[in-house]
Amino acid sequence: MTEIRDLVLHIEPVDDAERQHRDQALVWLAATTDVFRRRSAPVEPARHLVAYFAVVDRDSGHVLLGDHRKSGLWLPSGGHVEPGESPVVTVRRECHEELGIEATFFDPFGEAPLFITITETVGGGEVHTDVSLWFCLSARTTQDLRPDPREYRAVRWWTPDDIRSSDPTAFDPHMSRFLDKLEPLMAPLAHPAAPSRHAAP
């Protein structure tokens, strides 16, 4: 639990909504150790931990999203953190299971989540709450993917502009805010500063 709390504690909120979600998550983690989903029908506990990961091509800025069968939304990959599992281990496991590739964490962020959300989700006729840590992974748009057909109808590389110009209800409700946080952090990577003329040889 200390590891999870530390991951949440070190997230720098991009806006008031994320600050509220981070603070609520810290209160929740301080009040209980029952944070892992044990059952899906009915969902127990009703509030539980999820690890999302956005796969990003650092050169083009494209983000990989999957047409998720159960939700009907275009979502980053991810899944529920299993009992006793680290969210980082969840990302590695889900990346292999859902996309058929090994997880390569995005260099600037490493094995730390970039974003946190708390979302009420309807599934099987009942409402539960996902406390989601959003990680970033790195891949190429040309990389060979083997998406799990049980999870996705399809996967697609999207530009941030494509996402923003599409119907927002087709995506995770926090997707646009996630892009608002991600894009400024990626800009220096896509356009690195030129070396100084006075730099030592």
# chains A, B, ... in the order shown; residues from 1 in each chain; ligands from 1
>>> residues_around(residues="Phe115 of chain A", least_positions_apart="2", cutoff="7 Å", atoms="only C-alpha atoms", output="PyMOL selection string")
chain A and resi 11+113+117+133-134+178
>>> residues_around(residues="Thr90 of chain A", least_positions_apart="4", cutoff="12 Å", atoms="only C-alpha atoms", output="number ranges by chain")
A: 36, 49-53, 77-86, 94-98, 103, 111, 132-135
>>> closest_residue(among="A:Leu179, A:Ala54, A:Ile163, A:Ala170", to="Phe106 of chain A", atoms="only C-alpha atoms")
A:Ala54
>>> select_by_dssp(residues="segment 8-189 of chain A", states="strand (DSSP E)", output="VMD selection string")
chain A and resid 39 to 40 43 to 44 47 to 56 63 to 68 74 to 75 77 to 80 115 to 123 126 to 138 152 to 158
>>> atom_distance(atom1="atom CA of Arg38 of chain A", atom2="atom CA of Tyr152 of chain A")
23.2 Å
>>> residues_around(residues="Arg156 of chain A", least_positions_apart="6", cutoff="7 Å", atoms="only C-alpha atoms", output="CSV table (one decimal) with all heavy atoms, in the first residue's frame")
chain,number,residue,atom,x,y,z
A,64,LEU,N,-2.2,5.4,-29.0
A,64,LEU,CA,-2.9,4.1,-29.4
A,64,LEU,C,-4.2,4.0,-28.5
A,64,LEU,O,-4.0,4.0,-27.3
A,64,LEU,CB,-2.0,2.9,-29.2
A,64,LEU,CG,-2.6,1.6,-29.6
A,64,LEU,CD1,-2.8,1.5,-31.2
A,64,LEU,CD2,-1.7,0.4,-29.2
A,65,LEU,N,-5.3,3.8,-29.1
A,65,LEU,CA,-6.6,3.5,-28.4
A,65,LEU,C,-7.2,2.3,-28.9
A,65,LEU,O,-7.1,2.0,-30.1
A,65,LEU,CB,-7.5,4.7,-28.4
A,65,LEU,CG,-7.0,6.1,-27.9
A,65,LEU,CD1,-8.1,7.1,-28.1
A,65,LEU,CD2,-6.6,6.0,-26.4
A,66,GLY,N,-8.0,1.6,-28.1
A,66,GLY,CA,-8.7,0.4,-28.5
A,66,GLY,C,-10.2,0.6,-28.5
A,66,GLY,O,-10.7,1.3,-27.5
>>> residues_around(residues="Arg177 of chain A", least_positions_apart="6", cutoff="10 Å", atoms="only C-alpha atoms", output="list in words")
Val14, Asp15, Ala17, Glu18 and Phe115 of chain A
>>> write_last_selection(atoms="C-alpha atoms", output="PDB file, in the first residue's frame")
ATOM      1  CA  VAL A  14      -2.779  19.529 -14.194  1.00  0.00           C
ATOM      2  CA  ASP A  15      -6.044  21.157 -13.011  1.00  0.00           C
ATOM      3  CA  ALA A  17     -10.296  18.249 -11.121  1.00  0.00           C
ATOM      4  CA  GLU A  18      -7.136  16.163 -10.992  1.00  0.00           C
ATOM      5  CA  PHE A 115      -2.385  11.233 -14.418  1.00  0.00           C
TER       6      PHE A 115
END
>>> closest_residue(among="A:Cys136, A:Phe109, A:Ser71, A:Thr129", to="His10 of chain A", atoms="only C-alpha atoms")
A:Phe109
>>> closest_residue(among="A:Arg92, A:His128, A:Arg153, A:Arg19", to="Arg69 of chain A", atoms="only C-alpha atoms")
A:Arg153
>>> select_by_dssp(residues="segment 89-150 of chain A", states="helix (DSSP H, G or I)", output="list in words")
Val89, Thr90, Val91, Arg92, Arg93, Glu94, Cys95, His96, Glu97, Glu98 and Leu99 of chain A
>>> residues_around(residues="Arg47 of chain A", least_positions_apart="2", cutoff="10 Å", atoms="only C-alpha atoms", output="VMD selection string")
chain A and resid 28 34 to 37 43 to 45 49 to 50 118 to 120 127 to 131
>>> closest_residue(among="A:Glu183, A:Arg93, A:Ile4, A:Leu75", to="Asp161 of chain A", atoms="only C-alpha atoms")
A:Glu183
>>> closest_residue(among="A:Pro147, A:Gly110, A:Pro160, A:Pro184", to="Asp57 of chain A", atoms="only C-alpha atoms")
A:Pro160
>>> closest_residue(among="A:Asp148, A:Asp107, A:Glu12, A:Glu126", to="Pro42 of chain A", atoms="only C-alpha atoms")
A:Glu126
